[in-house]
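Colleague: One structure is given below, represented as structure tokens, and several questions about it will come after.
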Amino acid sequence: MLDIKWIRTNPQAFRAAMVKRGLASTEHPTNRQILAKEGNPDNQDDKLKALLKHSDEVYIEKIQPIEALDIKRRDLISKTEALQAERNTINKEIARKKAAKEPCEVLFAGMKEMGAKTKEFEKALEAIDQELTELLMGIPNAPSETVPVGSDEKANVEAHKWGTPREFSFKVLDHVDLGANLGILDFDRAAKIAGARFSVLTGTGAKLERALINFMLDTHTNLHGYKEVLPPVMVNSDALKGTGQLPKFEEDLFKLQGYDYYLIPTAEVPVTNLYAREILKEADLPIKHCAYTPCFRSEAGSYGRDTRGLIRQHQFDKVELVKFAHPDNSYEELEKLLNDAEHILQLLGLPYRVVTLSSGDMGFSSAKTYDIEVWLPSQNCYREISSCSNFEDYQARRAQIRYKGIDAKAKTSLVHTLNGSGLAIGRTWLAVIENYQDEGGRIFIPEILRPYMGGLSHIEKC
RNA sequence: GGAAAGGUGGCCGAGUUGGUUUAAGGCGCACGCCUGGAAAGCGUGUGUGGGGCUCCCUCCACCGCGGGUUCAAAUCCCGCCCUUUCCGCCA
């Protein structure tokens, strides 16, 4: 959630941010006129940039009601508080007279009405507050200065690359075929017991999954200084509101029937909310956590996409990195977090690239996001394996995660929250399988994983 | 699932015959004095959110959450949530 005070005092910056996010419709008459002035660009990104040039005049549907409600709200607060102050004064007078055993019944007159009126105002205020919060919850985070402006993933910018995709002298198989041939990955039986978008790992396949989890956790705790947590994989709706999955994205989640419990879509939710409604010590920042959990996603709206294999599952394992940082250095912490996630792929020897997401491709709550994409020989392209974001104070405001210096006069401020996959286990599993296959369909196990695999050097048919 | 006890500021803790307590006191912490330095001691300050104003200041709300009674609720009544303990069930 964005700060209403910031919106009030920085209307230009707010409008520009919303334009970058694609909230200014290119179809609205006002915006059409602006586009006409700029020579009617036909490319989506150019349209967006044209509107951005005129962000002060651009029509943005969601902004006006927020500004109006803010004014209404503050007006009502003044009225309510004036009334309460008056009531308090008379109340003190009654108490004083009563103590002095003077008659005070005259003062009772009108008090009941004032009480009723106050209550009425309070109810109205509550309604406005709720409406305003709802509107603000529907507003995405403002993109950071360094985020490329664009309307979708085509505007993403490659930041850097690591490693060289291996040249294969034979026809590569994808992980589905490799896994089936080796007897370590079974989609048919998974469909029988659960359905589509589930998988069963067996034998060394299951062991590889476990090895990857332990290897990643050990690396992050021992080398990168993260503290491990093992949180619940079910959370309540408050937690999901805190990190921004609710109220807007309920259809992406699995909800337990008859309970206010949801299966977590990522460990980001329980781990970020660990410190909800807490005030942390400034000196303790940054707080760094890593967590292994299974993750559950309904994948509503992705029918037909990535139906083959492990890429997009209803349930998958992930090791997540979460940071609570001081606002002054949260972007340095984002770079470090990205490095920590990249380090895993380097240790595994898997080629990858890092992409800075454009303003139109970023997640709702994020201010800046890097995606790490690992090389998949079977698809002959890079595919997302990690997403590392700085949410600035957007989640912290929702979840009320704050910090304070030790000095008595120190002010309480919101922390910046960050997180990133470090990494998605299932996608790492398939990247290992595909990148390290040989002509006979065996899988070479990277040196770093062997201690976790009982010294095994290859996965062979079992 | 059943029973009991409890929930007050960073922590402890007073306040339950409703009314200058519209949150005492202590600890901790910060700053200052004292000291060769430190401890002790003394002094000052120290909850959160919001409105006005932004130099100061001032007002309002908040005693687990929500509702009710009343001129007036931390205090009385009702409902709910959470914690702890015991019983039952259970990996």
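Chain labels follow the order of the structure tokens: the first chain is A, the next B, and so on; residue numbering restarts at 1 in every chain, and ligands are counted from 1 in their shown order.
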At most 8 Å is the cut-off: for each residue in chain A with any atom that close to an atom of chain B, write down the nearest atom pair and the distance in Å rounded to one decimal, counting only C-alpha atoms (C1' of nucleotides), chain first then increasing number, as a tab-separated table.
Modeller:
residue	atom	partner	partner_atom	distance
A:Arg74	CA	B:G51	C1'	6.9
A:Ile77	CA	B:G51	C1'	6.4
A:Ser78	CA	B:G51	C1'	6.2
A:Glu81	CA	B:C60	C1'	5.2
A:Gln84	CA	B:C60	C1'	7.2
A:Ala85	CA	B:C60	C1'	7.3
A:Asn91	CA	B:A72	C1'	6.6
A:Lys92	CA	B:U20	C1'	7.4
A:Ile94	CA	B:G19	C1'	7.7
A:Ala95	CA	B:G19	C1'	4.8
A:Arg96	CA	B:U20	C1'	6.4
A:Lys98	CA	B:G19	C1'	7.6
A:Leu107	CA	B:C71	C1'	7.5
A:Phe108	CA	B:C71	C1'	4.5
A:Ala109	CA	B:C71	C1'	7.6
A:Met111	CA	B:C71	C1'	5.7
A:Lys112	CA	B:C71	C1'	6.5
A:Ile406	CA	B:C29	C1'	7.1
A:Asp407	CA	B:A30	C1'	4.9
A:Ala408	CA	B:A30	C1'	5.0
A:Lys409	CA	B:U46	C1'	7.5
Colleague: Could you please take those selected residues and save N, CA, C and O atoms as a short mmCIF file (atom, residue, chain, number, x, y, z; two decimals), in the first residue's frame?
Modeller:
data_model
loop_
_atom_site.label_atom_id
_atom_site.label_comp_id
_atom_site.auth_asym_id
_atom_site.auth_seq_id
_atom_site.Cartn_x
_atom_site.Cartn_y
_atom_site.Cartn_z
N ARG A 74 -10.35 13.83 6.05
CA ARG A 74 -9.72 14.77 6.97
C ARG A 74 -10.72 15.79 7.51
O ARG A 74 -10.63 16.22 8.66
N ILE A 77 -12.64 14.04 10.22
CA ILE A 77 -11.81 13.88 11.41
C ILE A 77 -11.83 15.15 12.25
O ILE A 77 -12.03 15.11 13.47
N SER A 78 -11.66 16.30 11.60
CA SER A 78 -11.68 17.58 12.32
C SER A 78 -12.99 17.75 13.07
O SER A 78 -13.00 18.11 14.26
N GLU A 81 -13.32 15.23 16.04
CA GLU A 81 -12.42 15.50 17.16
C GLU A 81 -12.82 16.75 17.93
O GLU A 81 -12.66 16.82 19.15
N GLN A 84 -15.51 15.60 20.18
CA GLN A 84 -14.97 14.78 21.27
C GLN A 84 -14.28 15.65 22.32
O GLN A 84 -14.42 15.42 23.52
N ALA A 85 -13.57 16.66 21.84
CA ALA A 85 -12.85 17.55 22.75
C ALA A 85 -13.84 18.29 23.66
O ALA A 85 -13.61 18.42 24.87
N ASN A 91 -17.10 16.63 30.55
CA ASN A 91 -16.93 15.45 31.40
C ASN A 91 -16.02 15.73 32.59
O ASN A 91 -16.31 15.33 33.72
N LYS A 92 -14.93 16.44 32.32
CA LYS A 92 -14.00 16.80 33.39
C LYS A 92 -14.69 17.70 34.42
O LYS A 92 -14.47 17.58 35.62
N ILE A 94 -17.86 17.77 35.11
CA ILE A 94 -18.77 16.93 35.90
C ILE A 94 -18.01 16.22 37.00
O ILE A 94 -18.41 16.21 38.17
N ALA A 95 -16.88 15.64 36.63
CA ALA A 95 -16.07 14.91 37.59
C ALA A 95 -15.62 15.82 38.73
O ALA A 95 -15.64 15.44 39.90
N ARG A 96 -15.23 17.02 38.36
CA ARG A 96 -14.74 17.97 39.35
C ARG A 96 -15.86 18.35 40.32
O ARG A 96 -15.68 18.34 41.54
N LYS A 98 -18.61 16.76 40.91
CA LYS A 98 -19.03 15.59 41.66
C LYS A 98 -18.09 15.40 42.87
O LYS A 98 -18.55 15.13 43.98
N LEU A 107 -25.30 19.86 33.68
CA LEU A 107 -24.31 19.59 32.64
C LEU A 107 -24.64 18.35 31.81
O LEU A 107 -24.10 18.15 30.74
N PHE A 108 -25.54 17.52 32.35
CA PHE A 108 -25.92 16.30 31.62
C PHE A 108 -26.64 16.62 30.32
O PHE A 108 -26.61 15.85 29.37
N ALA A 109 -27.30 17.77 30.31
CA ALA A 109 -28.12 18.12 29.14
C ALA A 109 -27.28 18.15 27.87
O ALA A 109 -26.21 18.76 27.83
N MET A 111 -25.46 16.03 26.57
CA MET A 111 -24.32 15.11 26.50
C MET A 111 -24.67 13.84 25.74
O MET A 111 -23.86 13.31 24.99
N LYS A 112 -25.87 13.37 25.97
CA LYS A 112 -26.29 12.13 25.32
C LYS A 112 -26.31 12.31 23.79
O LYS A 112 -25.83 11.47 23.05
N ILE A 406 17.67 3.50 18.88
CA ILE A 406 17.65 3.32 20.33
C ILE A 406 17.47 4.65 21.06
O ILE A 406 16.98 4.71 22.18
N ASP A 407 17.84 5.73 20.39
CA ASP A 407 17.72 7.06 20.97
C ASP A 407 16.25 7.35 21.32
O ASP A 407 15.35 7.00 20.57
N ALA A 408 16.03 7.99 22.46
CA ALA A 408 14.67 8.25 22.92
C ALA A 408 13.89 9.09 21.92
O ALA A 408 12.68 8.97 21.81
N LYS A 409 14.60 9.97 21.23
CA LYS A 409 13.91 10.84 20.28
C LYS A 409 13.79 10.21 18.90
O LYS A 409 13.23 10.82 17.99
#
Colleague: Quick one: everything within 9 Å of A:Glu61, counting only C-alpha atoms (C1' of nucleotides), minus sequence neighbours fewer than 5 positions away in the same chain. Send it as a PyMOL selection string.
Modeller: chain A and resi 23-25
Colleague: In terms of the shortest atom-to-atom distance over only C-alpha atoms, which of A:Val354, A:Leu449, A:Thr164, A:Thr202 is closest to A:Cys462?
Modeller: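 Among the listed residues, A:Thr202 lies closest to A:Cys462.
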Colleague: Taking the backbone alone, and naming residues the way the document does, which bits of stretch 300-423 of chain A are strand (DSSP E) by DSSP, as a VMD selection string?
Modeller: chain A and resid 315 to 325 352 to 356 368 to 376 381 to 390 401 to 404 412 to 414 416 to 423
Colleague: Residues near A:Gly163, anyone? I mean within 8 Å using only C-alpha atoms (C1' of nucleotides), not counting same-chain ones fewer than 2 positions away, as a list in words.
Modeller: Lys161, Pro165, Gly349, Leu350, Pro351 and Tyr352 of chain A
Colleague: In stretch 173-416 of chain A, what's alpha helix (DSSP H) per DSSP? Answer as a PyMOL selection string?
Modeller: chain A and resi 175-182+187-193+204-218+237-243+268-272+330-348+394-399
Colleague: For atom CA of A:Thr369 and atom CA of A:Val147, determine how far apart the two atoms are, in Å to one decimal place.
Modeller: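 Atom-to-atom, atom CA of A:Thr369 and atom CA of A:Val147 are spaced 8.2 Å apart.
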Colleague: Near B:C77, within 12 Å and counting only C-alpha atoms (C1' of nucleotides), which residues show up once chain neighbours fewer than 6 positions away are dropped, as a list in words?
Modeller: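 Residues near the query, excluding close chain neighbours: G67, G68, U69 and U70 of chain B.
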Colleague: B:U16: which residues within 10 Å, counting only C-alpha atoms (C1' of nucleotides), same-chain residues fewer than 5 positions away excluded, as a VMD selection string?
Modeller: chain B and resid 74 to 76
Colleague: Tell me, counting only C-alpha atoms, for each residue of stretch 31-137 of chain A within 12 Å of stretch 11-15 of chain A, which pair of atoms is nearest and how far apart they are in Å to one decimal, in rows ordered by chain and increasing number, as a tab-separated table.
Modeller:
residue	atom	partner	partner_atom	distance
A:Leu51	CA	A:Arg15	CA	10.6
A:Leu52	CA	A:Arg15	CA	8.8
A:Lys53	CA	A:Arg15	CA	11.0
A:His54	CA	A:Arg15	CA	9.8
A:Ser55	CA	A:Arg15	CA	6.0
A:Asp56	CA	A:Gln12	CA	6.3
A:Glu57	CA	A:Arg15	CA	9.2
A:Val58	CA	A:Arg15	CA	8.2
A:Tyr59	CA	A:Arg15	CA	9.3
A:Ile60	CA	A:Arg15	CA	7.9
A:Glu61	CA	A:Arg15	CA	11.0
A:Lys62	CA	A:Arg15	CA	10.3
A:Ile63	CA	A:Arg15	CA	8.0
A:Gln64	CA	A:Arg15	CA	10.7
A:Ile66	CA	A:Pro11	CA	11.5
A:Glu67	CA	A:Pro11	CA	9.5
Colleague: Print the selection's residues with C-alpha atoms to a file, as a PDB file, in the first residue's frame.
Modeller:
ATOM      1  CA  LEU A  51       1.499   9.553 -21.803  1.00  0.00           C
ATOM      2  CA  LEU A  52       4.297   9.717 -19.246  1.00  0.00           C
ATOM      3  CA  LYS A  53       5.519  12.988 -20.767  1.00  0.00           C
ATOM      4  CA  HIS A  54       2.128  14.481 -19.948  1.00  0.00           C
ATOM      5  CA  SER A  55       1.424  12.655 -16.729  1.00  0.00           C
ATOM      6  CA  ASP A  56       0.062  15.828 -15.099  1.00  0.00           C
ATOM      7  CA  GLU A  57      -2.852  15.981 -17.549  1.00  0.00           C
ATOM      8  CA  VAL A  58      -3.343  12.273 -18.143  1.00  0.00           C
ATOM      9  CA  TYR A  59      -6.642  10.772 -17.065  1.00  0.00           C
ATOM     10  CA  ILE A  60      -6.168   7.968 -14.559  1.00  0.00           C
ATOM     11  CA  GLU A  61      -9.409   6.406 -13.444  1.00  0.00           C
ATOM     12  CA  LYS A  62      -8.274   5.274 -10.016  1.00  0.00           C
ATOM     13  CA  ILE A  63      -6.746   8.521  -8.792  1.00  0.00           C
ATOM     14  CA  GLN A  64      -9.669  10.918  -8.498  1.00  0.00           C
ATOM     15  CA  ILE A  66      -8.738   8.539  -3.740  1.00  0.00           C
ATOM     16  CA  GLU A  67      -7.994  12.250  -3.662  1.00  0.00           C
TER      17      GLU A  67
END
